[in-house]
Amino acid sequence: MKSQKQRIDIINEILEESILAFPVSSFIISLYQRYQRMGSLSKKQLQGLYDKASKINGLSPGKLATLEAIIKRMPTRYKSEKPELKPLFNKDVITGKLIDDILSKYPAHKSVLFLKAKYDNNEPLSNTELGDLQRFKKIAGIE
């Protein structure tokens with residue numbers, strides 16, 4: 001078996017020194033527990049650790065510089081803005097007027113009443129349904 005080289009874990013050392021400097025800081029304790037469990041911290045967590053560790057007087061400036069280099073090397077994630085809400089279906093004004101014109105002449109027309117209900121509920125009308133409306137328009141003599 002090959003023996004792995006022992007790596008110096010700067011983040012762990014800074015966490016341990018921060019716990020000694022701030023023993024009641026729940027933030028540092030939670031970072032330490034997460035680092036032990038997961039083996040890594042996010043960029044924002046490392047920035048918070050850097051801010052806390054920079055307040056420690058006896059901490060080596062080389063360790064802080066290494067932590068800062070680790071933070072700068074990590075990618076910055078940006079959240080994109082949410083897109084504007086758009087209705088799924090835009091009502092066609094011409095279709096609505098056509099339905100109203102047919103119903104004004106034949107108010108009890110069941111097919112057109114069904115299409116009007118569908119139109120009012122913002123459901124898209126299929127091509128065959130639009131063709132039926134055009135056919136009803138010709139039959140009713142609406143221009």
# chains A, B, ... in the order shown; residues from 1 in each chain; ligands from 1
call {"tool": "closest_atom_pairs", "arguments": {"of": "range 62-110 of chain A", "to": "range 27-50 of chain A", "cutoff": "12 Å", "atoms": "only C-alpha atoms", "output": "JSON lines"}}
result
{"residue": "A:Lys63", "atom": "CA", "partner": "A:Tyr50", "partner_atom": "CA", "distance": 10.0}
{"residue": "A:Leu64", "atom": "CA", "partner": "A:Tyr50", "partner_atom": "CA", "distance": 7.1}
{"residue": "A:Ala65", "atom": "CA", "partner": "A:Tyr50", "partner_atom": "CA", "distance": 9.5}
{"residue": "A:Thr66", "atom": "CA", "partner": "A:Tyr50", "partner_atom": "CA", "distance": 10.3}
{"residue": "A:Leu67", "atom": "CA", "partner": "A:Tyr50", "partner_atom": "CA", "distance": 7.0}
{"residue": "A:Glu68", "atom": "CA", "partner": "A:Tyr50", "partner_atom": "CA", "distance": 7.3}
{"residue": "A:Ala69", "atom": "CA", "partner": "A:Leu46", "partner_atom": "CA", "distance": 10.9}
{"residue": "A:Ile70", "atom": "CA", "partner": "A:Leu46", "partner_atom": "CA", "distance": 8.6}
{"residue": "A:Ile71", "atom": "CA", "partner": "A:Lys43", "partner_atom": "CA", "distance": 6.0}
{"residue": "A:Lys72", "atom": "CA", "partner": "A:Lys43", "partner_atom": "CA", "distance": 8.6}
{"residue": "A:Arg73", "atom": "CA", "partner": "A:Lys43", "partner_atom": "CA", "distance": 9.4}
{"residue": "A:Met74", "atom": "CA", "partner": "A:Lys43", "partner_atom": "CA", "distance": 6.5}
{"residue": "A:Pro75", "atom": "CA", "partner": "A:Lys43", "partner_atom": "CA", "distance": 7.9}
{"residue": "A:Thr76", "atom": "CA", "partner": "A:Lys43", "partner_atom": "CA", "distance": 7.6}
{"residue": "A:Arg77", "atom": "CA", "partner": "A:Lys43", "partner_atom": "CA", "distance": 9.1}
call {"tool": "write_last_selection", "arguments": {"atoms": "C-alpha atoms", "output": "mmCIF file, in the first residue's frame"}}
result
data_model
loop_
_atom_site.group_PDB
_atom_site.id
_atom_site.type_symbol
_atom_site.label_atom_id
_atom_site.label_comp_id
_atom_site.auth_asym_id
_atom_site.auth_seq_id
_atom_site.Cartn_x
_atom_site.Cartn_y
_atom_site.Cartn_z
ATOM 1 C CA LYS A 63 -2.543 31.199 7.503
ATOM 2 C CA LEU A 64 -4.863 34.146 6.898
ATOM 3 C CA ALA A 65 -3.223 34.775 3.533
ATOM 4 C CA THR A 66 -3.659 31.103 2.609
ATOM 5 C CA LEU A 67 -7.326 31.216 3.614
ATOM 6 C CA GLU A 68 -7.791 34.375 1.566
ATOM 7 C CA ALA A 69 -6.166 32.676 -1.447
ATOM 8 C CA ILE A 70 -8.511 29.688 -1.049
ATOM 9 C CA ILE A 71 -11.493 32.048 -0.944
ATOM 10 C CA LYS A 72 -10.363 33.946 -4.053
ATOM 11 C CA ARG A 73 -9.826 30.701 -5.945
ATOM 12 C CA MET A 74 -13.409 29.555 -5.335
ATOM 13 C CA PRO A 75 -16.056 30.511 -7.905
ATOM 14 C CA THR A 76 -18.563 33.222 -7.068
ATOM 15 C CA ARG A 77 -22.124 32.118 -7.638
#
call {"tool": "residues_around", "arguments": {"residues": "Leu88 in chain A", "least_positions_apart": "2", "cutoff": "12 Å", "atoms": "only C-alpha atoms", "output": "list in words"}}
result
Leu85, Lys86, Asn90, Lys91, Asn121, Asn122, Glu123 and Pro124 of chain A
call {"tool": "atom_distance", "arguments": {"atom1": "CA of Pro61 in chain A", "atom2": "CA of Glu17 in chain A"}}
result
13.0 Å
call {"tool": "atom_distance", "arguments": {"atom1": "CA of Gly58 in chain A", "atom2": "CA of Ala21 in chain A"}}
result
9.4 Å
call {"tool": "select_by_dssp", "arguments": {"residues": "chain A", "states": "alpha helix (DSSP H)", "output": "ChimeraX atom specification"}}
result
/A:10-21,26-38,43-53,61-73,93-105,110-120,127-140
call {"tool": "atom_distance", "arguments": {"atom1": "CA of Ser18 in chain A", "atom2": "CA of Ala53 in chain A"}}
result
6.0 Å
call {"tool": "closest_residue", "arguments": {"among": "A:Asn12, A:Asn127, A:Ser25, A:Ser111", "to": "Ile99 in chain A", "atoms": "only C-alpha atoms"}}
result
A:Ser111
call {"tool": "closest_residue", "arguments": {"among": "A:Val93, A:Ile14, A:Ile19, A:Leu98", "to": "Lys138 in chain A", "atoms": "only C-alpha atoms"}}
result
A:Leu98
